[in-house]
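Peer 1: First the structure, which I've put down as structure tokens, then a few questions once you've had a look.
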Amino acid sequence: MKSYNLPSGFDADIDKLKGLLDEYNRGALSAAQLKAYRVPFGVYEQRERDTYMVRVRCAAGCISPKQLQKIADISSRYGANQIHLTTRQELQIHYVKLNNIIEVIQSLKEVGLASRGGGGNTIRNIIASEYSGIDTREAFDVTPYAIALTTRLIAEEDSWTLPRKFKIAFSGSSQDLGYATIADLGFIARIKNSKKGFRVYVAGGMGVKPRVGNFFLDFVSETQVYQITRSVKNLFWKYGNRKNKHAARLRFLWQDLGEDEFRRRFIEEYEVVKKENHPSLKIEQIDNTGLNLDIKPEEVKDKEDFELWKKRFVRLQKQKDLFSVIVAVELGFIDNAQVLKLAKFLEPFGDNVIHLTKDQNFQLRNISGQYLTNIYNFLKNNLANFNRPFIFDKLISCAGASTCQLGICLSRGAVKAIMQALEKSRMDLALLADLKISISGCPNACGQHHVADLGFFGKAARKNEKLYPAYNVVAGALVSDGKTKFADKIGEIGAKNVPSLVEDFLSMYLSKHHNYKDFREYIENCGKNDLKQICDKYKDVPDFDEDKNYYFDWGAKDVFSLAGRGMGECSAGLFDLIDVDITNIKETKRKLLASPGEDKDKKEKLLRELTFYASRMLLITRGVEPKTEAQVYDSFREHFINTSLVEAHFKDIIQAAESKNSPVILAQEKKIYELADRVKFLYDNMDNAFQFKVEQVLTPAGKAAVEGGVCGQLKSKPKIFKDFRGVACPMNFVKTKIELSKMKSKEILEILLDDGEPIENVPGSVKEEGHKIIEQKKKGNFWSIVIEKK
């Protein structure tokens, strides 16, 4: 089975990250600046100082035995003794040191894997039902579409500079096992008039403010998957909210624009994409047939246990005499040594034998019935608890506060406590095999509590001014084409009461289950009321002096607190550099006010820093990524003073800061403050897509220039010129795209590019956007490209 293809420029991307890490280690780059590049590469900082998690992209959950071996080997060499299976069909390597990040990324590349897009404002891992290709109820196998779309999108530069993360999902049937109805963009396979195609949903998502996806298109041909995706991505890139990351997902854009305007703008983008004549995705069908193996079927000693295992974990595929098998992984964490053994054992079964499930387990597929005994014996000899009731392996938890910066509660500890309670209970757990219980350590939905039958998400509660760990309780989710609804909030309880509540509620359900066809029918009739009563029973916690246990989280050694909780990194990206300079400006002003005039050298240094931060703050919105102080000032003059966004009289303090002219700097303190205020005013008057509201921000001279038709970048003129020599991929294309976004249709842009990779990539990317290359000429060791905006 073929996985996604890595883009041709991937080596250059790795080299750029390596250069930035070198700068950081030399003290030439701040941690915040590094984060803007590190996180989109799928590298997150953990709570433990100087340790990082690397998230590996596995499109549609596909991974070969060879790739799995490599990840276990990397984790053993550079990370922890376990790898983690996520709820989005990825693998994570934890506790990697910063100095080993490049080695990890390069090692992944050796087997065709990448971490880029594992975090930040990027195209995230594209998921699909783990039963795609083998499900008797599916219209057709959607896995090849998820893989092909991954290959296409990760090769596009604007996939890494979106307003916020963008999640895509595929399902093969109306059951929506791939969660297409809760994604930013979801495709559900359909057959219409004997032709393959998809029903499309948009602007869904979980998290703090969840929203079920909106039905968007009833049927699009399989040949239009990329064109639809490209159109939605373009719409998001242009109009998404870049100023407020808490309202930046596509669902907020739908909400802000309204359905009619969202559809209008989509159609506008789609018409442009159609004219660009993008080729359809190259779909390579996946062979889900068993291999003729030179392996002898084994005998089993305990046939009764073997039959029980088959009942719990083995499922017949639509392919004759073939089976899929769930390999249970407790809470998604499995030892590297066990992974290596599993991967080597599975090598003879071919590349298409392992899929990752959204329940944080492995799924094996295409197993001939005669080899089920071999699978059973291997699991029995190598994995503990491989054959316990399936409800234990449907218990889902995020990483929680043990490693996650955003985590509030120790969700994994709570799940283990639930498991212990269930093991001791006398309930018939076989009757609960299809029940999904999910726990998130905070309101973010990494534990998928919004789509659980019974779910919990962490919070901090207080009694008599004393904090204790607690959970909100939700129940009753349904995921299905046209019927999806999130779980309803029922109540809230202390963390220490979670296992008791679960045991009481499940016992209540089992006492009544014979009256209902399934849990869904029970929860919609009397189940929510039953759960509410049990929540009320466990709502209160004793005072700290009465019982301190309630003030310790599960598995914690210290009294509960929010100390150590940091800012989440999942939304980090290049545009976060604006926030870095806003903070720098505030802090520099504070220092100046704290020591007025006492030390002239110190004051002069702070005023120069204030000028520098003000000059740099908004350059990223113009597609400029300066590498030196001189470039900052040159770019500020070009993009802000020469365009009349900032008054011309500030030129003298820019010159003084650049030349380190101390007398002028000290004499112009008030003017430097005014410059910082002017830049902040510009930022406040940008729209959410970081475009200026021109009529509000132009200086008087600028307004007069516009009226007179002489202000180059704010009034149409024959040609706009930009020199992007020395700018590496992908920023040269990002800068080009930003310049074009500010222009009117048919306006002309000339750019200069270096020879080599820039000229090989940028013109093609520009044409893919629908713009016209009028002229492309080599001038010495660089190139001139003349572009007409579409």
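Just so we're on the same page: first chain in the structure tokens is A, next is B, and so on; residues restart at 1 for each chain, and ligands are numbered from 1 in the order they show up.
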Neighbours of stretch 758-763 of chain A within 10 Å (only C-alpha atoms; same-chain residues fewer than 5 positions away dropped), as JSON, numbers by chain?
Peer 2: {"A": [8, 9, 156, 157, 724, 725, 726, 727, 728, 729, 730, 731, 732, 733, 734, 736, 737, 752, 753, 768, 769, 771, 772, 773, 776, 778, 782, 783, 784, 785, 786, 787]}
Peer 1: Using only C-alpha atoms, which of the listed residues (A:Val679, A:Ala667, A:Lys296, A:Arg412) sits closest to A:Phe636?
Peer 2: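 With only C-alpha atoms as the atom set, the closest residue is A:Val679.
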Peer 1: Excluding A:Leu395 and any residue of its chain fewer than 5 positions from it, enumerate the residues within 10 Å of it, using only C-alpha atoms, and give them as a list of chain:residue names.
Peer 2: A:Glu330, A:Leu331, A:Gly332, A:Asp359, A:Gln360, A:Phe390, A:Arg412, A:Val415, A:Lys416, A:Ile418, A:Met419, A:Leu435, A:Lys436, A:Ile437, A:Ser438, A:Ile439, A:Gly447, A:Ala452, A:Leu454, A:Gly455
Peer 1: Using all heavy atoms, can you export the residues from the last selection as a compact mmCIF listing (two decimals), in the first residue's frame?
Peer 2:
```txt
# COMPACT_ATOMS: atom_id res chain seq x y z
N GLU A 330 -4.07 0.25 25.70
CA GLU A 330 -4.68 0.97 26.82
C GLU A 330 -4.34 2.45 26.77
O GLU A 330 -3.18 2.85 26.86
CB GLU A 330 -4.22 0.37 28.15
CG GLU A 330 -4.91 0.99 29.35
CD GLU A 330 -4.57 0.28 30.65
OE1 GLU A 330 -4.81 -0.94 30.75
OE2 GLU A 330 -4.04 0.95 31.58
N LEU A 331 -5.38 3.26 26.59
CA LEU A 331 -5.26 4.72 26.55
C LEU A 331 -4.32 5.20 25.46
O LEU A 331 -3.86 6.34 25.48
CB LEU A 331 -4.83 5.27 27.91
CG LEU A 331 -5.75 4.95 29.08
CD1 LEU A 331 -5.22 5.58 30.36
CD2 LEU A 331 -7.17 5.40 28.80
N GLY A 332 -4.06 4.33 24.48
CA GLY A 332 -3.25 4.74 23.34
C GLY A 332 -1.75 4.70 23.58
O GLY A 332 -0.99 5.05 22.68
N ASP A 359 -10.17 5.30 18.22
CA ASP A 359 -10.28 4.89 19.62
C ASP A 359 -8.92 4.59 20.23
O ASP A 359 -8.84 3.97 21.28
CB ASP A 359 -11.17 3.64 19.74
CG ASP A 359 -12.61 3.92 19.35
OD1 ASP A 359 -13.04 5.08 19.48
OD2 ASP A 359 -13.30 2.99 18.90
N GLN A 360 -7.84 4.97 19.52
CA GLN A 360 -6.47 4.83 20.01
C GLN A 360 -6.03 3.37 20.10
O GLN A 360 -5.28 2.99 21.00
CB GLN A 360 -6.31 5.53 21.37
CG GLN A 360 -6.63 7.02 21.34
CD GLN A 360 -6.58 7.66 22.71
OE1 GLN A 360 -7.41 7.37 23.56
NE2 GLN A 360 -5.61 8.52 22.92
N PHE A 390 -14.41 -5.43 25.85
CA PHE A 390 -14.05 -4.39 24.88
C PHE A 390 -14.31 -2.99 25.41
O PHE A 390 -13.70 -2.03 24.94
CB PHE A 390 -14.82 -4.62 23.58
CG PHE A 390 -14.27 -3.82 22.43
CD1 PHE A 390 -12.91 -3.60 22.28
CD2 PHE A 390 -15.13 -3.29 21.47
CE1 PHE A 390 -12.42 -2.87 21.22
CE2 PHE A 390 -14.64 -2.54 20.40
CZ PHE A 390 -13.28 -2.34 20.27
N ARG A 412 -5.99 10.72 32.27
CA ARG A 412 -5.58 9.32 32.19
C ARG A 412 -5.70 8.63 33.54
O ARG A 412 -6.11 7.46 33.61
CB ARG A 412 -4.14 9.22 31.68
CG ARG A 412 -3.98 9.62 30.23
CD ARG A 412 -2.52 9.73 29.84
NE ARG A 412 -1.83 8.47 30.01
CZ ARG A 412 -0.51 8.35 30.10
NH1 ARG A 412 0.27 9.44 30.06
NH2 ARG A 412 0.05 7.18 30.24
N VAL A 415 -9.34 7.72 34.02
CA VAL A 415 -9.76 6.54 33.25
C VAL A 415 -9.26 5.26 33.93
O VAL A 415 -9.99 4.26 34.00
CB VAL A 415 -9.24 6.63 31.80
CG1 VAL A 415 -9.47 5.32 31.07
CG2 VAL A 415 -9.93 7.75 31.06
N LYS A 416 -8.05 5.27 34.42
CA LYS A 416 -7.54 4.07 35.10
C LYS A 416 -8.36 3.77 36.35
O LYS A 416 -8.61 2.59 36.67
CB LYS A 416 -6.06 4.27 35.45
CG LYS A 416 -5.15 4.25 34.22
CD LYS A 416 -3.69 4.39 34.58
CE LYS A 416 -2.81 4.31 33.33
NZ LYS A 416 -1.37 4.44 33.65
N ILE A 418 -11.53 4.45 36.64
CA ILE A 418 -12.78 3.88 36.12
C ILE A 418 -12.59 2.40 35.81
O ILE A 418 -13.44 1.56 36.13
CB ILE A 418 -13.23 4.64 34.85
CG1 ILE A 418 -13.67 6.06 35.21
CG2 ILE A 418 -14.38 3.90 34.16
CD1 ILE A 418 -13.93 6.94 33.99
N MET A 419 -11.46 2.07 35.18
CA MET A 419 -11.18 0.68 34.84
C MET A 419 -11.15 -0.20 36.09
O MET A 419 -11.71 -1.31 36.11
CB MET A 419 -9.83 0.58 34.11
CG MET A 419 -9.84 1.14 32.70
SD MET A 419 -8.19 1.01 31.96
CE MET A 419 -8.52 1.59 30.30
N LEU A 435 -20.39 0.75 24.07
CA LEU A 435 -20.49 2.03 24.76
C LEU A 435 -19.17 2.79 24.67
O LEU A 435 -18.10 2.22 24.92
CB LEU A 435 -20.86 1.82 26.22
CG LEU A 435 -21.37 3.04 26.99
CD1 LEU A 435 -22.75 3.44 26.49
CD2 LEU A 435 -21.42 2.75 28.48
N LYS A 436 -19.24 4.05 24.33
CA LYS A 436 -18.04 4.87 24.20
C LYS A 436 -17.99 5.87 25.34
O LYS A 436 -18.86 6.72 25.48
CB LYS A 436 -18.03 5.60 22.86
CG LYS A 436 -16.80 6.47 22.63
CD LYS A 436 -16.81 7.07 21.25
CE LYS A 436 -15.59 7.96 21.01
NZ LYS A 436 -15.56 8.52 19.65
N ILE A 437 -16.95 5.77 26.18
CA ILE A 437 -16.73 6.69 27.30
C ILE A 437 -15.45 7.47 27.00
O ILE A 437 -14.40 6.87 26.76
CB ILE A 437 -16.60 5.94 28.63
CG1 ILE A 437 -17.87 5.12 28.91
CG2 ILE A 437 -16.35 6.93 29.78
CD1 ILE A 437 -17.81 4.28 30.16
N SER A 438 -15.54 8.79 27.02
CA SER A 438 -14.40 9.63 26.63
C SER A 438 -14.15 10.71 27.67
O SER A 438 -15.10 11.32 28.18
CB SER A 438 -14.65 10.28 25.27
OG SER A 438 -14.89 9.30 24.28
N ILE A 439 -12.87 10.98 27.93
CA ILE A 439 -12.50 11.99 28.93
C ILE A 439 -11.44 12.91 28.38
O ILE A 439 -10.42 12.47 27.84
CB ILE A 439 -11.99 11.33 30.24
CG1 ILE A 439 -13.05 10.42 30.83
CG2 ILE A 439 -11.59 12.39 31.24
CD1 ILE A 439 -12.69 9.85 32.18
N GLY A 447 -9.94 14.44 23.82
CA GLY A 447 -10.47 13.15 24.24
C GLY A 447 -11.81 12.83 23.60
O GLY A 447 -12.42 11.81 23.92
N ALA A 452 -19.18 11.35 22.62
CA ALA A 452 -19.22 10.17 23.48
C ALA A 452 -20.65 9.82 23.88
O ALA A 452 -21.53 10.68 23.91
CB ALA A 452 -18.38 10.41 24.72
N LEU A 454 -21.00 8.65 26.91
CA LEU A 454 -20.82 9.26 28.24
C LEU A 454 -19.46 9.94 28.24
O LEU A 454 -18.44 9.30 27.96
CB LEU A 454 -20.88 8.20 29.34
CG LEU A 454 -20.63 8.67 30.77
CD1 LEU A 454 -21.70 9.68 31.21
CD2 LEU A 454 -20.60 7.48 31.73
N GLY A 455 -19.44 11.24 28.49
CA GLY A 455 -18.18 11.97 28.39
C GLY A 455 -17.93 12.90 29.56
O GLY A 455 -18.85 13.27 30.30
```
Peer 1: Could you give me the residues within stretch 338-443 of chain A that DSSP places in strand (DSSP E or B), as JSON, numbers by chain?
Peer 2: {"A": [354, 355, 356, 362, 363, 364, 365, 366, 367, 368, 395, 396, 397, 437, 438, 439, 440]}
Peer 1: For those residues, write N, CA, C and O atoms to a file as an mmCIF file, in the first residue's frame.
Peer 2:
```cif
data_model
loop_
_atom_site.group_PDB
_atom_site.id
_atom_site.type_symbol
_atom_site.label_atom_id
_atom_site.label_comp_id
_atom_site.auth_asym_id
_atom_site.auth_seq_id
_atom_site.Cartn_x
_atom_site.Cartn_y
_atom_site.Cartn_z
ATOM 1 N N ILE A 354 -1.898 -2.664 8.817
ATOM 2 C CA ILE A 354 -2.081 -1.896 10.051
ATOM 3 C C ILE A 354 -2.782 -0.578 9.754
ATOM 4 O O ILE A 354 -2.359 0.185 8.871
ATOM 5 N N HIS A 355 -3.836 -0.302 10.487
ATOM 6 C CA HIS A 355 -4.473 1.012 10.489
ATOM 7 C C HIS A 355 -4.590 1.482 11.936
ATOM 8 O O HIS A 355 -4.699 0.659 12.860
ATOM 9 N N LEU A 356 -4.555 2.792 12.129
ATOM 10 C CA LEU A 356 -4.745 3.374 13.454
ATOM 11 C C LEU A 356 -6.210 3.775 13.601
ATOM 12 O O LEU A 356 -6.781 4.361 12.681
ATOM 13 N N PHE A 362 -4.833 -0.263 17.531
ATOM 14 C CA PHE A 362 -4.416 -0.722 16.208
ATOM 15 C C PHE A 362 -5.539 -1.574 15.622
ATOM 16 O O PHE A 362 -6.191 -2.342 16.330
ATOM 17 N N GLN A 363 -5.735 -1.454 14.307
ATOM 18 C CA GLN A 363 -6.610 -2.376 13.600
ATOM 19 C C GLN A 363 -5.776 -3.124 12.581
ATOM 20 O O GLN A 363 -5.069 -2.515 11.773
ATOM 21 N N LEU A 364 -5.830 -4.453 12.646
ATOM 22 C CA LEU A 364 -5.189 -5.275 11.629
ATOM 23 C C LEU A 364 -6.258 -5.661 10.614
ATOM 24 O O LEU A 364 -7.423 -5.824 10.962
ATOM 25 N N ARG A 365 -5.871 -5.798 9.367
ATOM 26 C CA ARG A 365 -6.849 -6.139 8.321
ATOM 27 C C ARG A 365 -6.272 -7.142 7.334
ATOM 28 O O ARG A 365 -5.074 -7.399 7.318
ATOM 29 N N ASN A 366 -7.174 -7.707 6.552
ATOM 30 C CA ASN A 366 -6.806 -8.662 5.515
ATOM 31 C C ASN A 366 -6.153 -9.917 6.087
ATOM 32 O O ASN A 366 -5.222 -10.479 5.499
ATOM 33 N N ILE A 367 -6.644 -10.338 7.242
ATOM 34 C CA ILE A 367 -6.123 -11.531 7.900
ATOM 35 C C ILE A 367 -6.974 -12.730 7.490
ATOM 36 O O ILE A 367 -8.184 -12.759 7.732
ATOM 37 N N SER A 368 -6.356 -13.699 6.873
ATOM 38 C CA SER A 368 -7.068 -14.923 6.506
ATOM 39 C C SER A 368 -7.503 -15.658 7.774
ATOM 40 O O SER A 368 -6.792 -15.663 8.792
ATOM 41 N N LEU A 395 -12.549 3.062 26.110
ATOM 42 C CA LEU A 395 -12.339 4.195 27.005
ATOM 43 C C LEU A 395 -11.252 5.077 26.401
ATOM 44 O O LEU A 395 -10.131 4.622 26.180
ATOM 45 N N ILE A 396 -11.581 6.325 26.143
ATOM 46 C CA ILE A 396 -10.655 7.238 25.467
ATOM 47 C C ILE A 396 -10.270 8.369 26.409
ATOM 48 O O ILE A 396 -11.112 8.920 27.110
ATOM 49 N N SER A 397 -8.997 8.699 26.384
ATOM 50 C CA SER A 397 -8.519 9.834 27.172
ATOM 51 C C SER A 397 -7.469 10.594 26.382
ATOM 52 O O SER A 397 -6.680 9.998 25.646
ATOM 53 N N ILE A 437 -16.950 5.766 26.182
ATOM 54 C CA ILE A 437 -16.730 6.692 27.296
ATOM 55 C C ILE A 437 -15.452 7.466 27.000
ATOM 56 O O ILE A 437 -14.400 6.872 26.764
ATOM 57 N N SER A 438 -15.539 8.788 27.017
ATOM 58 C CA SER A 438 -14.396 9.628 26.634
ATOM 59 C C SER A 438 -14.153 10.709 27.672
ATOM 60 O O SER A 438 -15.101 11.316 28.178
ATOM 61 N N ILE A 439 -12.871 10.979 27.935
ATOM 62 C CA ILE A 439 -12.505 11.986 28.935
ATOM 63 C C ILE A 439 -11.437 12.911 28.375
ATOM 64 O O ILE A 439 -10.419 12.468 27.844
ATOM 65 N N SER A 440 -11.680 14.205 28.476
ATOM 66 C CA SER A 440 -10.696 15.236 28.127
ATOM 67 C C SER A 440 -10.291 15.963 29.406
ATOM 68 O O SER A 440 -11.135 16.233 30.259
#
```
Peer 1: What gap, in Å, lies between atom CA of A:Gly413 and atom CA of A:His84?
Peer 2: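 Those two atoms sit 15.8 Å apart.
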Peer 1: Tell me, as a list in words, which residues lie within 6 Å of A:Ser480, counting only C-alpha atoms; anything in the same chain fewer than 2 positions away does not count.
Peer 2: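 Surrounding residues, per the criterion: Ser174, Gln175, Asp176, Lys483 and Thr484 of chain A.
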Peer 1: Please determine, counting only C-alpha atoms, which residue among A:Ile182, A:Val208, A:Lys282, A:Phe681 has the shortest atom-to-atom distance to A:Thr223.
Peer 2: A:Lys282
Peer 1: Show which residues sit within 12 Å of A:Arg77, as a PDB file with C-alpha atoms, in the first residue's frame. Count only C-alpha atoms, and ignore same-chain residues fewer than 2 positions away.
Peer 2:
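Wrote it out as out-v5.pdb, contents follow:
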```pdb
ATOM      1  CA  LYS A  70      11.022   3.044  12.449  1.00  0.00           C
ATOM      2  CA  ILE A  71       8.844   5.119  14.781  1.00  0.00           C
ATOM      3  CA  ALA A  72       9.422   2.704  17.665  1.00  0.00           C
ATOM      4  CA  ASP A  73      13.158   2.826  16.952  1.00  0.00           C
ATOM      5  CA  ILE A  74      13.157   6.650  16.885  1.00  0.00           C
ATOM      6  CA  SER A  75      11.212   6.769  20.151  1.00  0.00           C
ATOM      7  CA  GLY A  79      12.169   9.852  23.192  1.00  0.00           C
ATOM      8  CA  ALA A  80      10.267   8.015  25.884  1.00  0.00           C
ATOM      9  CA  ASN A  81       9.855   4.247  26.206  1.00  0.00           C
ATOM     10  CA  GLN A  82       6.326   4.465  24.755  1.00  0.00           C
ATOM     11  CA  ILE A  93       6.822  10.491  20.133  1.00  0.00           C
ATOM     12  CA  HIS A  94       7.168  12.090  23.556  1.00  0.00           C
ATOM     13  CA  TYR A  95      10.008  13.573  25.628  1.00  0.00           C
ATOM     14  CA  VAL A  96      12.286  14.419  22.728  1.00  0.00           C
ATOM     15  CA  LYS A  97      15.051  16.917  23.460  1.00  0.00           C
ATOM     16  CA  ASN A 100      17.355  15.866  18.671  1.00  0.00           C
ATOM     17  CA  ILE A 101      14.349  17.244  16.781  1.00  0.00           C
ATOM     18  CA  GLU A 103      17.399  13.850  13.731  1.00  0.00           C
ATOM     19  CA  VAL A 104      13.858  12.680  14.491  1.00  0.00           C
ATOM     20  CA  SER A 107      14.645   9.700  10.401  1.00  0.00           C
ATOM     21  CA  ASN A 336       8.395   0.702  22.100  1.00  0.00           C
ATOM     22  CA  ALA A 337       9.565  -2.889  22.592  1.00  0.00           C
TER      23      ALA A 337
END
```
